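Structure first, then comments.
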Amino acid sequence: MEKWVVLVMLLLSWKTREGFGAKAEITYDGRSLIIDGQRKILFSGSIHYSRSTPQMWPDLIAKAKEGGVDVIQTYVFWNLHEPQLGKYDFSGRNDLVGFIKEIEAQGMYVCLRIGPFIESEWTYGGFPFWLHDIPGIVYRTDNEPFKFYMQNFTTKIVNMMKAESLYASQGGPIILSQIENEYQNIQGAFGTAGSQYVQWAAKMAVGLDTGVPWIMCKQTDAPDPMINTCNGMRCGETFSGPNSPNKPAFWTENWTSFYQVYGALPYIRSAEDIAFHVTLFVARNGSYINYYMYHGGTNFGRTGSAYVITAYYDQAPLDEYGLLRQPKWGHLKQLHTVIKSCSTTLLQGVQRNFSLGQLQEGYVFEEEKGECVAFLINNDRENKVTVQFRNRSYELLPKSISILPDCQNVTFNTANVNTTSNRRIISPKQNFSSVDVWKQFQDVIPSFDDTSLKSNSFLEQMNTTKDESDYLWYTHRFENNLSCCKPTLSVKSAAHVAHAFVNNTYIGGAHGNHDVKSFTLELPVTLHEGTNNLSILSVMVGLPDSGAFLERRFAGLISVQLQCSEEESLNLTNSLWGYKVGLLGEQLQVYKGQNSSDIEWRELRNIREQTLIWYKTTFDTPEGDDPVVLDLSSMGKGEAWVNGQSIGRYWILFHDSKGNPSQSLYHVPRSFLQDSENVLVLVDEGGGNPLGISLDTVSVTDLHQNFSKLSFPSSA
């Protein structure tokens with residue numbers, strides 16, 4: 001009996017440590033974070049709850065843990081949680097508490113980046129658009145209206161965490177919190193008010209009494225006790241260091257790839273390069289490294305910022321669907337294991353730096369008892385070299401670091417990858433090539449008489465749509481007094497796309513790109529004698545996510561004119577225009593795929609010549625557990641929904657420098673699906689052919705460690 005009691009007590013003790021429960025004291029000094037008196041070197045991975053689904057969370061977290069990650073880092077998305085002033089949503093993908101509890105259940109820590117400005121390639125930087133309409137507001141400066149609502153939301157989140165005992169000081173997993181986000185990038189635009197805002201934000205956050213440290217990323221003047229941290233790809237080289245000898249060196253964003261925009265190629269960052277810079281940061285006394293992103297996920301709906309594709313950081317150690325991306329995942333796992341094996345000496349030993357050659361150097365950490373760890377660094381990108389260290393010769397690969405946990409034997413070299421690479425396998429499961437499986441709904445082109453909102457000057461698009469739609473119609477009625485029979489329509493726009501219709505006929509479109517602030521559409525047009533109707537559909541592909549004075553940003557049409565020659569033109573800019581927010585199909589919620597008296601679904605016809613068409617079909621869920629995707633490479637530009645849930649924007653016609661779409665495969669989480677009769681609805685602005693769509697599943701080739709045989713806990 002006594003043996004069973006001891007066993008039960010041991011199990012209970014293990015459960016408390018693994019799932020937390022005991023209150024922990026979280027402090028820090030100039031070397032590291034200290035948890036209950038124990039120094040820690042922590043590896044962290046960014047996984048954003050809203051960019052995946054609750055059904056995916058357990059597997060993502062488990063794979064991060066298996067990869068040697070100790071902490072899950074996430075932003076908090078204000079515009080998801082408070083879409084309307086005072087009305088909150090923490091359900092489904094927005095279940096922040098549920099996400100943190102899943103992390104806690106798997107015995108990992110949390111770094112909660114409340115912001116509430118987050119940037120993150122998230123529309124409007126995470127701000128809810130209603131904030132724009134607060135009288136007198138100026139974002140992110142010493143402005144009373146902004147500070148009021150920022151403090152209100154921050155307090156709301158902190159109190160939610162406290163109510164669920166989620167801070168480590170209460171026995172929960174949250175060991176760090178962040179206020180603001182890379183503020184120093186814009187601080188200079190606000191002068192002294194910017195510095196005052198930094199002081200206020202720090203004082204406000206600390207005053208919330210979470211019992212855990214707060215951080216400010218990329219903020220060299222972060223006030224005590226805030227820890228200033230580094231973001232970037234090479235923080236071991238670029239970080240100026242903590243702004244106090246009593247603060248540790250933290251790296252909150254080690255970019256494992258980079259966000260991708262429409263028209264651009266993906267950024268490929270190698271496992272070797274990531275490992276080199278992580279190791280260098282540790283060698284130079286870094287003690288917290290977060291991978292941004294460890295899993296990027298999906299910008300569902302209209303959540304991506306301007307021109308950002310729907311897939312987010314697909315090149316991360318866990319890809320968009322949560323599959324391992326090798327060798328990145330495995331190589332970093334090996335690195336974590338080696339660093340942790342000698343972390344005691346790294347945290348307690350005395351550091352010494354020395355030269356090993358013109359482009360070579362070393363770092364040694366040595367304890368009084370004799371324990372020793374060495375990092376031998378070769379900064380030569382082209383050549384491997386042999387160096388002498390403690391009377392031994394060591395060959396160093398080009399641009400690499402060798403780790404010697406005992407100052408004698410190399411157990412890891414950052415450029416020596418032992419993990420086998422993998423690749424994706426796309427398996428077609430269903431095509432939609434038969435005309436009979438599709439129905440279509442033609443959206444309408446409004447004319448000036450169809451609009452109720454009118455203005456003698458161009459309205460700013462974001463302030464007019466309130467982010468309720470990507471679309472804003474600009475309509476105008478005019479008399480044709482021009483002498484030429486085919487004038488040129490010239491439209492200058494500060495939005496992202498413009499489609500022009502004259503007398504209900506589509507005449508063409510144009511678009512900008514991520515790196516320009518405006519573009520011009522120029523097309524020849526045929527006008528009626530007398531009265532003509534001009535309708536221009538202005539499109540935003542996400543709102544801006546950064547920059548000073550975000551609340552003042554302008555989008556929409558800048559000028560419109562008809563020109564016969566340099567001498568003869570008709571300027572329509574300062575005329576009376578009518579406006580309509582959104583498409584009719586959005587108003588009728590066509591994306592839900594339901595039949596109603598207001599929605600007339602018809603047989604498919606004239607596919608190539610149509611604009612603003614909604615398409616609908618059904619499909620059965622593929623068997624198995626592999627991630628499901630839709631191949632939309634035959635479509636133009638628009639948005640797609642499955643069973644009423646948006647899987648994101650697509651823009652196939654915007655090609656990269658190699659002539660390919662930036663993204664063709666669009667993730668359909670299995671939690672969106674039912675066994676059969678799933679309803680797929682798409683709206684296409686033009687140029688799409690739904691007959692070329694296919695439903696596929698995604699898998700990867702066999703992994704070096706046969707990871708597919710590992711099982712992961714389901715959600716509690």
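By convention in this document, the chains of the structure tokens carry letters A, B, ... by their order, each chain's residues are numbered from 1, and ligands are numbered from 1 in the order they are shown.
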(message) Neighbouring residues of His655 of chain A were defined as those with any atom within 8 Å, considering only C-alpha atoms; residues of the same chain fewer than 6 positions away were excluded. Please report them as a PyMOL selection string.
(response) chain A and resi 262-264+661-662
Give me a file of those residues, with N, CA, C and O atoms, as a compact mmCIF listing (two decimals), in the first residue's frame.
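File written: part_13.txt
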```txt
# COMPACT_ATOMS: atom_id res chain seq x y z
N TYR A 262 1.25 39.50 -52.65
CA TYR A 262 0.87 39.14 -54.02
C TYR A 262 1.84 39.78 -55.01
O TYR A 262 2.21 40.94 -54.89
N GLY A 263 2.27 38.98 -55.96
CA GLY A 263 3.22 39.43 -56.96
C GLY A 263 4.66 39.16 -56.59
O GLY A 263 5.56 39.43 -57.39
N ALA A 264 4.90 38.62 -55.41
CA ALA A 264 6.28 38.39 -54.95
C ALA A 264 6.54 36.89 -54.76
O ALA A 264 5.62 36.10 -54.56
N PRO A 661 1.39 32.49 -60.06
CA PRO A 661 0.67 33.11 -58.95
C PRO A 661 1.47 33.00 -57.66
O PRO A 661 2.19 32.02 -57.46
N SER A 662 1.34 33.99 -56.79
CA SER A 662 2.04 33.92 -55.50
C SER A 662 1.46 32.83 -54.61
O SER A 662 2.15 32.29 -53.75
```
Would you please extract all strand (DSSP E or B) residues from segment 470-542 of chain A, as assigned by DSSP on the backbone, and give them as an mmCIF file with C-alpha atoms, in the first residue's frame?
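Produced file states-v6.cif, reproduced below:
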```
data_model
loop_
_atom_site.group_PDB
_atom_site.id
_atom_site.type_symbol
_atom_site.label_atom_id
_atom_site.label_comp_id
_atom_site.auth_asym_id
_atom_site.auth_seq_id
_atom_site.Cartn_x
_atom_site.Cartn_y
_atom_site.Cartn_z
ATOM 1 C CA TYR A 471 -15.265 47.023 -52.203
ATOM 2 C CA LEU A 472 -16.497 50.568 -52.747
ATOM 3 C CA TRP A 473 -18.422 51.683 -55.836
ATOM 4 C CA TYR A 474 -17.803 55.198 -57.159
ATOM 5 C CA THR A 475 -20.592 56.134 -59.597
ATOM 6 C CA HIS A 476 -21.115 59.218 -61.733
ATOM 7 C CA ARG A 477 -23.559 60.405 -64.401
ATOM 8 C CA PHE A 478 -22.346 62.946 -66.969
ATOM 9 C CA GLU A 479 -23.112 64.470 -70.335
ATOM 10 C CA ASN A 480 -20.743 63.702 -73.183
ATOM 11 C CA THR A 488 -9.215 57.878 -72.751
ATOM 12 C CA LEU A 489 -10.505 57.260 -69.265
ATOM 13 C CA SER A 490 -7.771 58.024 -66.727
ATOM 14 C CA VAL A 491 -8.285 56.956 -63.119
ATOM 15 C CA LYS A 492 -5.677 57.567 -60.445
ATOM 16 C CA SER A 493 -6.193 55.512 -57.304
ATOM 17 C CA VAL A 497 -7.448 47.591 -57.608
ATOM 18 C CA ALA A 498 -9.870 49.491 -59.869
ATOM 19 C CA HIS A 499 -12.449 48.054 -62.279
ATOM 20 C CA ALA A 500 -14.183 50.444 -64.657
ATOM 21 C CA PHE A 501 -17.669 50.075 -66.169
ATOM 22 C CA VAL A 502 -19.176 52.500 -68.685
ATOM 23 C CA THR A 505 -20.181 47.437 -69.728
ATOM 24 C CA TYR A 506 -16.835 46.360 -68.307
ATOM 25 C CA ILE A 507 -13.975 48.164 -70.027
ATOM 26 C CA GLY A 508 -11.028 46.980 -67.925
ATOM 27 C CA GLY A 509 -9.086 47.217 -64.700
ATOM 28 C CA ALA A 510 -5.694 47.909 -63.175
ATOM 29 C CA HIS A 511 -3.934 47.385 -59.860
ATOM 30 C CA PHE A 519 -1.538 53.478 -59.587
ATOM 31 C CA THR A 520 -3.273 54.699 -62.745
ATOM 32 C CA LEU A 521 -5.823 52.984 -64.944
ATOM 33 C CA GLU A 522 -5.948 54.294 -68.533
ATOM 34 C CA LEU A 523 -8.382 52.849 -71.063
ATOM 35 C CA PRO A 524 -10.072 53.976 -74.284
ATOM 36 C CA GLY A 530 -25.750 62.633 -74.268
ATOM 37 C CA THR A 531 -25.964 60.987 -70.819
ATOM 38 C CA ASN A 532 -23.461 58.320 -69.725
ATOM 39 C CA ASN A 533 -22.987 56.336 -66.525
ATOM 40 C CA LEU A 534 -19.554 55.619 -65.125
ATOM 41 C CA SER A 535 -19.134 53.055 -62.328
ATOM 42 C CA ILE A 536 -15.716 52.361 -60.838
ATOM 43 C CA LEU A 537 -15.257 49.524 -58.374
ATOM 44 C CA SER A 538 -12.386 50.406 -56.040
ATOM 45 C CA VAL A 539 -10.898 47.443 -54.180
#
```
(request) Using only C-alpha atoms, determine which residues lie at most 12 Å from Gln84 of chain A, disregarding the query and same-chain residues fewer than 4 positions distant; provide the list as a PyMOL selection string. (result) chain A and resi 78-80+88-89+127-133+466-468
(message) Show me, as a ChimeraX atom specification, the residues that have an atom within 10 Å of Ala24 of chain A when counting only C-alpha atoms, minus same-chain residues fewer than 4 positions from it.
(response) /A:20,34-37,167-173,175,211-212
(message) Restricting the calculation to only C-alpha atoms: of A:Tyr149, A:Phe354, A:Trp255, A:Phe250, which residue gets closest to Ile227 of chain A?
(response)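 The shortest atom-to-atom distance to Ile227 of chain A comes from A:Phe250.
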(message) If you run DSSP on the backbone here, which positions in segment 82-325 of chain A get helix (DSSP H, G or I)? Please write them as an NGL selection string.
(response) :A and (92-94 or 96-105 or 123-126 or 129-133 or 144-163 or 168-170 or 184-190 or 192-206 or 235-238 or 271-283)
(request) Find the residues around segment 358-375 of chain A up to 6 Å (only C-alpha atoms counted), leave out those fewer than 3 positions away in its own chain, and share them as a ChimeraX atom specification. (result) /A:346,349-355,378-380,402-407
(message) Residues within 12 Å of Leu323 of chain A, please, as a ChimeraX atom specification. Count only C-alpha atoms; anything in the same chain fewer than 2 positions from it doesn't count.
(response) /A:56,59-60,62-64,294-297,314-321,325-326,328-329,422-425,625-627,698-703,707-708
